[in-house]
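> I'd like to ask you about the structure that follows.
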Amino acid sequence: MRKYTYDYLIVGSGLFGSTFAQIMNGNGKKCLVIDKRGHTGGNIYTKEENDIKIHWYGAHIFHTDNEEVWHYINKFTKFNNYINSPLAYSEGKLYNLPFNMNTFNKLWNVNTPEEAKHKIQEQCSKYKDISQPANLEEQALKLCGDDIYYTFIKEYTEKQWGRDCKDLPSFIIKRLPVRFTYDNNYFNALYQGVPIGGYTEMVNKMLDGIEVNLNVDYLEDRDLWNNIAQTVVYTGPIDAFYKYCFGALQYRSVRFETELLDIPNYQGNAAVNYTDSETPWTRIIEHKWFEFGKNEKGEDIPRTVISRELSSEWKLGDEPYYPVNDDFNNSLYFKYKELSDKERNIIFGGRLAEYKYYDMDAVIAAALDMCEKEL
Ligand code: FAD
Ligand code: UDP
């Protein structure tokens with residue numbers, strides 16, 4: 001029988017690859033992790049500059065109800081108690097998200113849940129004949145009515161996805177909760193926070209004792225890599241793996257315009273969404289507020305770093321961010337999946353290989369499941 005140098009070659013040091021490698025290494029398997037980027041962590045990478053941990057590929061707040069995942073990830077970091085409570089900017093005013101009594105109070109001057117429900121029901125009654133929403137617009141109007149849809153959703157969503165709300169699947173909007181309490185906690189999760197020390201430090205602890213090669217693209221020499229390991233775990237884009245033989249899957253990409261400002265506080269909150277179509281960015285992130293504006297010694301940080309997020313259609317060479325899970329792309333993905341199901345000794349996992357919007361906890365859970373199957 002052929003002797004391989006490694007049991008597993010793991011392509012990608014994101015959360016899927018790092019979880020898989022950590023568990024397998026702990027079970028005595030020899031692992032090599034490679035990544036085409038110059039750093040570990042994939043999209044959760046944080047880079048420290050001027051005492052501020054910059055969320056390099058967009059704001060990441062860990063949240064989960066999954067006890068197993070929470071227990072697992074706490075072996076590698078402690079979390080602060082940051083609670084995601086973004087704001088929405090519309091026509092000179094700031095509103096709380098997710099849609100809750102604070103939002104309704106500012107929008108309609110209502111004080112009680114009864115009044116707010118009445119207002120929403122009044123607006124939704126126009127759409128009561130929509131039994132099965134066919135798209136995001138119908139779903140949103142049925143759920144929250146005209147004022148909320150036209151103030152906060154329509155233009156933001158069209159800017160974010162580059163598509164008309166009538167052409168987008170309704171599940172995207174189900175991620176946005178509506179509640180009748182004065183509660184600005186965006187994620188209603190049992191556990192929530194940001195790693196103290198940053199995501200990069202957390203991932204590097206997961207990869208402790210495991211060989212990692214950076215700046216290496218698996219697809220440029222796949223024969224070499226396939227020959228050194230018994231099994232390959234591939235966490236890159238599935239269509240790239242198959243040389244786009246059925247065509248490229250569509251993604252939304254994001255460009256970040258990041259600026260260091262010589263002031264201590266720019267917007268007073270980590271995230272502000274710009275819900276109008278005139279502002280080119282979807283949101284501004286002020287990174288220091290994920291850590292309450294303090295450095296590791298607990299001192300106030302005198303300056304601040306902000307990132308404006310600009311959404312664009314992905315093209316070859318761009319960084320893929322959000323899969324566009326509409327019917328066209330889902331059936332294209334399925335064709336690639338049929339090919340991947342036939343592979344022996346190659347495992348496909350994570351957001352790019354499965355063409356799926358995965359939250360961090362879900363990607364850890366998927367990697368843990370995969371390990372269980374392998375062991
Ligand atoms: P990735 O992190 O993308 O890792 C894949 C790795 O594979 C990358 O490092 C890549 O360089 C490498 N790779 C790809 N191809 C190759 C190749 N050919 N050779 C070598 N290496 C390769 N989740 C939350 O729970 N909370 C949040 O607040 C949150 N915010 C988000 C904000 C944004 C803007 C986005 C886009 C996502 C957010 N997520 C959030 C989701 C989160 O980013 C993902 O769940 C997680 O990063 C997925 O990890 P992964 O390992 O599957 O993929
Ligand atoms: N959304 C919106 N207005 C907002 C924030 C979000 O219409 O102010 C919609 C938009 O369609 C977005 C979806 O809700 O794609 C999910 O938003 P969220 O911020 O939860 O997701 P993220 O972009 O962080 O993945």
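Each chain of the structure tokens is named A, B, ... in the order shown, its residues numbered from 1; ligands are numbered from 1 in display order.
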How would you report the residues lying within 10 Å of ligand 2, as a JSON list (two decimals) with C-alpha atoms, in the first residue's frame, if you count only C-alpha atoms and all ligand atoms?

```json
[["chain", "number", "residue", "atom", "x", "y", "z"],
["A", 58, "GLY", "CA", -15.89, 42.52, 7.09],
["A", 59, "ALA", "CA", -17.36, 42.67, 10.58],
["A", 60, "HIS", "CA", -17.55, 39.32, 12.32],
["A", 61, "ILE", "CA", -19.55, 38.76, 15.49],
["A", 86, "PRO", "CA", -26.27, 48.04, 14.39],
["A", 87, "LEU", "CA", -27.90, 51.33, 13.42],
["A", 88, "ALA", "CA", -29.57, 52.29, 10.15],
["A", 89, "TYR", "CA", -29.11, 55.75, 8.66],
["A", 90, "SER", "CA", -31.95, 57.08, 6.54],
["A", 95, "TYR", "CA", -32.74, 54.10, 13.71],
["A", 96, "ASN", "CA", -32.07, 50.99, 15.77],
["A", 97, "LEU", "CA", -31.90, 47.58, 14.17],
["A", 98, "PRO", "CA", -33.15, 44.91, 14.13],
["A", 99, "PHE", "CA", -36.68, 46.24, 13.63],
["A", 136, "LEU", "CA", -37.87, 39.15, -1.38],
["A", 137, "GLU", "CA", -40.10, 42.16, -2.07],
["A", 140, "ALA", "CA", -40.78, 41.93, 3.11],
["A", 148, "ILE", "CA", -40.18, 49.62, 6.80],
["A", 149, "TYR", "CA", -39.69, 48.12, 3.37],
["A", 150, "TYR", "CA", -39.17, 51.45, 1.61],
["A", 151, "THR", "CA", -37.13, 53.10, 4.42],
["A", 152, "PHE", "CA", -34.79, 50.27, 5.36],
["A", 153, "ILE", "CA", -34.94, 47.33, 2.99],
["A", 154, "LYS", "CA", -35.52, 48.01, -0.69],
["A", 155, "GLU", "CA", -32.61, 50.31, -1.54],
["A", 156, "TYR", "CA", -30.14, 48.69, 0.90],
["A", 157, "THR", "CA", -30.88, 45.22, -0.44],
["A", 158, "GLU", "CA", -30.68, 46.30, -4.09],
["A", 159, "LYS", "CA", -27.36, 48.01, -3.37],
["A", 160, "GLN", "CA", -26.04, 44.98, -1.51],
["A", 161, "TRP", "CA", -27.13, 42.39, -4.05],
["A", 165, "CYS", "CA", -35.80, 42.85, -4.80],
["A", 168, "LEU", "CA", -34.09, 37.93, -5.05],
["A", 169, "PRO", "CA", -35.07, 34.89, -2.99],
["A", 170, "SER", "CA", -37.20, 35.67, 0.07],
["A", 171, "PHE", "CA", -35.03, 33.76, 2.55],
["A", 172, "ILE", "CA", -32.44, 36.60, 2.54],
["A", 173, "ILE", "CA", -34.83, 38.84, 4.44],
["A", 174, "LYS", "CA", -35.83, 36.20, 6.96],
["A", 175, "ARG", "CA", -32.43, 36.81, 8.53],
["A", 176, "LEU", "CA", -33.72, 40.26, 9.63],
["A", 177, "PRO", "CA", -35.80, 39.82, 12.77],
["A", 186, "TYR", "CA", -29.47, 41.82, 16.57],
["A", 187, "PHE", "CA", -28.71, 38.16, 17.14],
["A", 271, "ALA", "CA", -21.86, 49.31, 12.51],
["A", 272, "VAL", "CA", -24.03, 51.87, 10.76],
["A", 273, "ASN", "CA", -26.02, 50.78, 7.68],
["A", 274, "TYR", "CA", -26.79, 53.33, 4.97],
["A", 275, "THR", "CA", -30.16, 52.30, 3.63],
["A", 276, "ASP", "CA", -30.52, 54.80, 0.75],
["A", 282, "THR", "CA", -23.85, 49.74, 2.35],
["A", 283, "ARG", "CA", -22.34, 50.30, 5.79],
["A", 321, "TYR", "CA", -18.07, 36.95, -0.48],
["A", 322, "TYR", "CA", -21.78, 36.21, -0.65],
["A", 357, "TYR", "CA", -23.93, 31.30, 3.35],
["A", 358, "TYR", "CA", -22.57, 29.81, 6.54],
["A", 359, "ASP", "CA", -22.36, 31.64, 9.85]]
```
> Just want the 12 Å neighbourhood of region 222-226 of chain A, counted on only C-alpha atoms, with same-chain residues fewer than 6 positions away dropped. Output as a ChimeraX atom specification.
/A:4-11,32-34,213,216,232-234,241-242,344-346
> Which of these, A:Glu122, A:Glu354, A:Glu67, A:Glu296, has the shortest distance to ligand 1 once you count only C-alpha atoms and all ligand atoms?
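Going through A:Glu122, A:Glu354, A:Glu67, A:Glu296 one by one, the smallest distance to ligand 1 is for A:Glu354.
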> Please, which residues in chain A fall within 8 Å of ligand 1 when counting only C-alpha atoms and all ligand atoms, and what is the closest atom pair and distance in Å to one decimal for each, ordered by chain then residue number, as JSON lines?

```
{"residue": "A:Val11", "atom": "CA", "partner": "ligand 1", "partner_atom_place_in_ligand_line": "21 (N)", "distance": 5.0}
{"residue": "A:Gly12", "atom": "CA", "partner": "ligand 1", "partner_atom_place_in_ligand_line": "7 (O)", "distance": 3.2}
{"residue": "A:Ser13", "atom": "CA", "partner": "ligand 1", "partner_atom_place_in_ligand_line": "9 (O)", "distance": 5.1}
{"residue": "A:Gly14", "atom": "CA", "partner": "ligand 1", "partner_atom_place_in_ligand_line": "51 (O)", "distance": 3.4}
{"residue": "A:Leu15", "atom": "CA", "partner": "ligand 1", "partner_atom_place_in_ligand_line": "51 (O)", "distance": 4.0}
{"residue": "A:Phe16", "atom": "CA", "partner": "ligand 1", "partner_atom_place_in_ligand_line": "51 (O)", "distance": 3.8}
{"residue": "A:Gly17", "atom": "CA", "partner": "ligand 1", "partner_atom_place_in_ligand_line": "51 (O)", "distance": 5.5}
{"residue": "A:Ser18", "atom": "CA", "partner": "ligand 1", "partner_atom_place_in_ligand_line": "51 (O)", "distance": 7.4}
{"residue": "A:Ile34", "atom": "CA", "partner": "ligand 1", "partner_atom_place_in_ligand_line": "20 (C)", "distance": 5.6}
{"residue": "A:Asp35", "atom": "CA", "partner": "ligand 1", "partner_atom_place_in_ligand_line": "21 (N)", "distance": 3.5}
{"residue": "A:Lys36", "atom": "CA", "partner": "ligand 1", "partner_atom_place_in_ligand_line": "20 (C)", "distance": 4.0}
{"residue": "A:Arg37", "atom": "CA", "partner": "ligand 1", "partner_atom_place_in_ligand_line": "11 (O)", "distance": 4.8}
{"residue": "A:His39", "atom": "CA", "partner": "ligand 1", "partner_atom_place_in_ligand_line": "9 (O)", "distance": 7.6}
{"residue": "A:Thr40", "atom": "CA", "partner": "ligand 1", "partner_atom_place_in_ligand_line": "9 (O)", "distance": 6.4}
{"residue": "A:Gly41", "atom": "CA", "partner": "ligand 1", "partner_atom_place_in_ligand_line": "9 (O)", "distance": 6.0}
{"residue": "A:Gly42", "atom": "CA", "partner": "ligand 1", "partner_atom_place_in_ligand_line": "9 (O)", "distance": 3.2}
{"residue": "A:Asn43", "atom": "CA", "partner": "ligand 1", "partner_atom_place_in_ligand_line": "2 (O)", "distance": 3.9}
{"residue": "A:Ile44", "atom": "CA", "partner": "ligand 1", "partner_atom_place_in_ligand_line": "47 (O)", "distance": 5.2}
{"residue": "A:Tyr57", "atom": "CA", "partner": "ligand 1", "partner_atom_place_in_ligand_line": "34 (C)", "distance": 6.0}
{"residue": "A:Gly58", "atom": "CA", "partner": "ligand 1", "partner_atom_place_in_ligand_line": "34 (C)", "distance": 4.2}
{"residue": "A:Ala59", "atom": "CA", "partner": "ligand 1", "partner_atom_place_in_ligand_line": "32 (C)", "distance": 5.3}
{"residue": "A:His60", "atom": "CA", "partner": "ligand 1", "partner_atom_place_in_ligand_line": "28 (O)", "distance": 3.4}
{"residue": "A:Ile61", "atom": "CA", "partner": "ligand 1", "partner_atom_place_in_ligand_line": "28 (O)", "distance": 3.8}
{"residue": "A:Phe62", "atom": "CA", "partner": "ligand 1", "partner_atom_place_in_ligand_line": "25 (O)", "distance": 4.9}
{"residue": "A:His63", "atom": "CA", "partner": "ligand 1", "partner_atom_place_in_ligand_line": "25 (O)", "distance": 6.0}
{"residue": "A:Thr64", "atom": "CA", "partner": "ligand 1", "partner_atom_place_in_ligand_line": "25 (O)", "distance": 7.9}
{"residue": "A:Asn215", "atom": "CA", "partner": "ligand 1", "partner_atom_place_in_ligand_line": "20 (C)", "distance": 7.6}
{"residue": "A:Val216", "atom": "CA", "partner": "ligand 1", "partner_atom_place_in_ligand_line": "20 (C)", "distance": 5.7}
{"residue": "A:Asp217", "atom": "CA", "partner": "ligand 1", "partner_atom_place_in_ligand_line": "19 (N)", "distance": 3.7}
{"residue": "A:Tyr218", "atom": "CA", "partner": "ligand 1", "partner_atom_place_in_ligand_line": "19 (N)", "distance": 4.0}
{"residue": "A:Leu219", "atom": "CA", "partner": "ligand 1", "partner_atom_place_in_ligand_line": "18 (N)", "distance": 4.7}
{"residue": "A:Glu220", "atom": "CA", "partner": "ligand 1", "partner_atom_place_in_ligand_line": "18 (N)", "distance": 7.4}
{"residue": "A:Tyr234", "atom": "CA", "partner": "ligand 1", "partner_atom_place_in_ligand_line": "16 (C)", "distance": 7.7}
{"residue": "A:Thr235", "atom": "CA", "partner": "ligand 1", "partner_atom_place_in_ligand_line": "7 (O)", "distance": 5.2}
{"residue": "A:Gly236", "atom": "CA", "partner": "ligand 1", "partner_atom_place_in_ligand_line": "14 (C)", "distance": 3.5}
{"residue": "A:Pro237", "atom": "CA", "partner": "ligand 1", "partner_atom_place_in_ligand_line": "15 (N)", "distance": 6.1}
{"residue": "A:Ala240", "atom": "CA", "partner": "ligand 1", "partner_atom_place_in_ligand_line": "18 (N)", "distance": 7.8}
{"residue": "A:Phe241", "atom": "CA", "partner": "ligand 1", "partner_atom_place_in_ligand_line": "18 (N)", "distance": 7.6}
{"residue": "A:Val254", "atom": "CA", "partner": "ligand 1", "partner_atom_place_in_ligand_line": "34 (C)", "distance": 7.3}
{"residue": "A:Tyr321", "atom": "CA", "partner": "ligand 1", "partner_atom_place_in_ligand_line": "36 (C)", "distance": 4.4}
{"residue": "A:Tyr322", "atom": "CA", "partner": "ligand 1", "partner_atom_place_in_ligand_line": "36 (C)", "distance": 5.5}
{"residue": "A:Gly349", "atom": "CA", "partner": "ligand 1", "partner_atom_place_in_ligand_line": "52 (O)", "distance": 6.8}
{"residue": "A:Gly350", "atom": "CA", "partner": "ligand 1", "partner_atom_place_in_ligand_line": "52 (O)", "distance": 3.3}
{"residue": "A:Arg351", "atom": "CA", "partner": "ligand 1", "partner_atom_place_in_ligand_line": "52 (O)", "distance": 4.0}
{"residue": "A:Leu352", "atom": "CA", "partner": "ligand 1", "partner_atom_place_in_ligand_line": "52 (O)", "distance": 6.2}
{"residue": "A:Ala353", "atom": "CA", "partner": "ligand 1", "partner_atom_place_in_ligand_line": "52 (O)", "distance": 7.7}
{"residue": "A:Tyr357", "atom": "CA", "partner": "ligand 1", "partner_atom_place_in_ligand_line": "41 (C)", "distance": 6.8}
{"residue": "A:Tyr358", "atom": "CA", "partner": "ligand 1", "partner_atom_place_in_ligand_line": "45 (O)", "distance": 4.4}
{"residue": "A:Asp359", "atom": "CA", "partner": "ligand 1", "partner_atom_place_in_ligand_line": "25 (O)", "distance": 3.6}
{"residue": "A:Met360", "atom": "CA", "partner": "ligand 1", "partner_atom_place_in_ligand_line": "25 (O)", "distance": 3.7}
{"residue": "A:Asp361", "atom": "CA", "partner": "ligand 1", "partner_atom_place_in_ligand_line": "25 (O)", "distance": 5.8}
{"residue": "A:Ala362", "atom": "CA", "partner": "ligand 1", "partner_atom_place_in_ligand_line": "45 (O)", "distance": 7.0}
{"residue": "A:Val363", "atom": "CA", "partner": "ligand 1", "partner_atom_place_in_ligand_line": "45 (O)", "distance": 5.5}
```
> Taking the backbone alone, and naming residues the way the document does, which bits of region 55-257 of chain A are helix (DSSP H, G or I) by DSSP, as a ChimeraX atom specification?
/A:67-73,101-108,113-127,136-161,165-167,171-174,199-206,218-220,222-228,238-241
> Would you list the contacts of Tyr82 (chain A) as a short mmCIF file (atom, residue, chain, number, x, y, z; two decimals) with N, CA, C and O atoms, in the first residue's frame, taking every protein, DNA or RNA residue within 7 Å and counting only C-alpha atoms, but skipping same-chain residues closer than 5 positions in sequence?

```cif
data_model
loop_
_atom_site.label_atom_id
_atom_site.label_comp_id
_atom_site.auth_asym_id
_atom_site.auth_seq_id
_atom_site.Cartn_x
_atom_site.Cartn_y
_atom_site.Cartn_z
N GLN A 192 -22.74 35.05 22.53
CA GLN A 192 -22.36 36.05 21.53
C GLN A 192 -21.11 36.78 22.00
O GLN A 192 -20.91 36.98 23.20
N GLY A 193 -20.30 37.23 21.07
CA GLY A 193 -19.13 38.03 21.42
C GLY A 193 -18.09 38.03 20.33
O GLY A 193 -18.30 37.47 19.24
N VAL A 194 -16.98 38.68 20.64
CA VAL A 194 -15.84 38.77 19.73
C VAL A 194 -14.63 38.24 20.52
O VAL A 194 -14.50 38.55 21.71
N PHE A 290 -15.84 47.04 18.54
CA PHE A 290 -16.00 45.61 18.84
C PHE A 290 -15.27 45.24 20.12
O PHE A 290 -15.50 44.18 20.70
#
```
> Measuring between only C-alpha atoms, which one of A:Val212, A:Leu107, A:Leu249, A:Ile52 shows the shortest distance to Pro320 (chain A)?
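For Pro320 (chain A), the nearest of the given residues is A:Leu249.
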> Find, counting only C-alpha atoms, the residue in A:Val203, A:Ile83, A:Ile120, A:Ile196 that gets nearest to Asp183 (chain A).
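Among A:Val203, A:Ile83, A:Ile120, A:Ile196, it is A:Ile83 that comes nearest to Asp183 (chain A).
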> So that I can check the secondary structure, give me every residue of region 35-233 of chain A assigned strand (DSSP E) by backbone DSSP, as a count of residues only.
30
> When you look at Phe104 (chain A) with a cut-off of 7 Å (counting only C-alpha atoms), what residues show up, excluding the ones that are within fewer than 5 positions of it in the same chain? I need them as a PyMOL selection string.
chain A and resi 109-110+116
> Would you write out those residues with C-alpha atoms, as a compact mmCIF listing (two decimals), in the first residue's frame?

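Result file follows (selection19.txt):
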```txt
# COMPACT_ATOMS: atom_id res chain seq x y z
CA ASN A 109 -43.87 57.91 17.27
CA VAL A 110 -45.67 54.89 18.76
CA ALA A 116 -46.76 49.24 16.71
```
> Return the single residue from A:Gln139, A:Thr112, A:Thr279, A:Asn185 that is closest to Gly92 (chain A), with distances computed using only C-alpha atoms.
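Nearest candidate to Gly92 (chain A) out of A:Gln139, A:Thr112, A:Thr279, A:Asn185: A:Thr279.
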